[in-house]
Amino acid sequence: MDDTQTAGTAGGPASSAAEEPIGLRGQLGAVRAAIRRLLTAHIDLAKAEFSEISEEIGRVALLGGIAFGALLLLALLLPIGGLLFLAEWLLGSIGWGVLLGSLALLDGAVVTVLLGLGVPRSRLARDYLVALVGAIVVTALLLLFVTGVQVGVGLGLTVLLIAMPILAGYGVARSGIDTEAFKARFYPTQTIETTKETIEWVRERTPLGPKS
């Protein structure tokens, strides 16, 4: 037998073995590997997209925060600037705006607290009317005998804003606060009473134990 035949005979079985189809186990392994690669690719893609989305959310949140801050400053600037402008225009000095604005905020805080404590609006309205009458009287006296118009009006407004919380505080100190009514606002009376009635109703219809 020559070398060509020997080579052909030796190479035949090796080539057949190499070209044999993959078995079922091998196919399952290849499918699992392909699925694993596919899942990994999807997970990597999702991570990349979520990372981009997170960055975009952070960017939008930052821009929204800047916009909100600008609007907040605008909301503060307009009333404060307007008050100072009116004080300069009507009373001749920005200082009046600072003084009257501070007193007005103090009055607002006092009235808000008193309303929260349950002080009737009618009582606060009465105190305001009394303070207003007193301020008008003081302003008239100042205009007649002492100062000019701008200073007189400014002092009259100051008297109004100072007298209002003093009168309100005096009224509360004299008549007090209905603490029972205040507590009742934060006590679930109806729920408790209804629950008691329900429990009593169940007891009346439920036997306590076997009768002898």
# chains A, B, ... in the order shown; residues from 1 in each chain; ligands from 1
$ closest_atom_pairs --of "range 72-136 of chain A" --to "range 180-198 of chain A" --cutoff "12 Å" --atoms "only C-alpha atoms" --output "Markdown table"
| residue | atom | partner | partner_atom | distance |
| --- | --- | --- | --- | --- |
| A:Leu114 | CA | A:Phe182 | CA | 11.6 |
| A:Leu115 | CA | A:Phe182 | CA | 11.0 |
| A:Gly116 | CA | A:Phe182 | CA | 9.0 |
| A:Leu117 | CA | A:Phe182 | CA | 6.7 |
| A:Gly118 | CA | A:Phe182 | CA | 6.5 |
| A:Val119 | CA | A:Phe182 | CA | 9.8 |
| A:Pro120 | CA | A:Ala181 | CA | 11.9 |
$ atom_distance --atom1 "CA of Gly101 in chain A" --atom2 "CA of Gly169 in chain A"
20.2 Å
$ atom_distance --atom1 "CA of Leu106 in chain A" --atom2 "CA of Gly152 in chain A"
21.7 Å
$ closest_residue --among "A:Ile177, A:Val149, A:Leu142, A:Ile53" --to "Leu91 in chain A" --atoms "only C-alpha atoms"
A:Val149
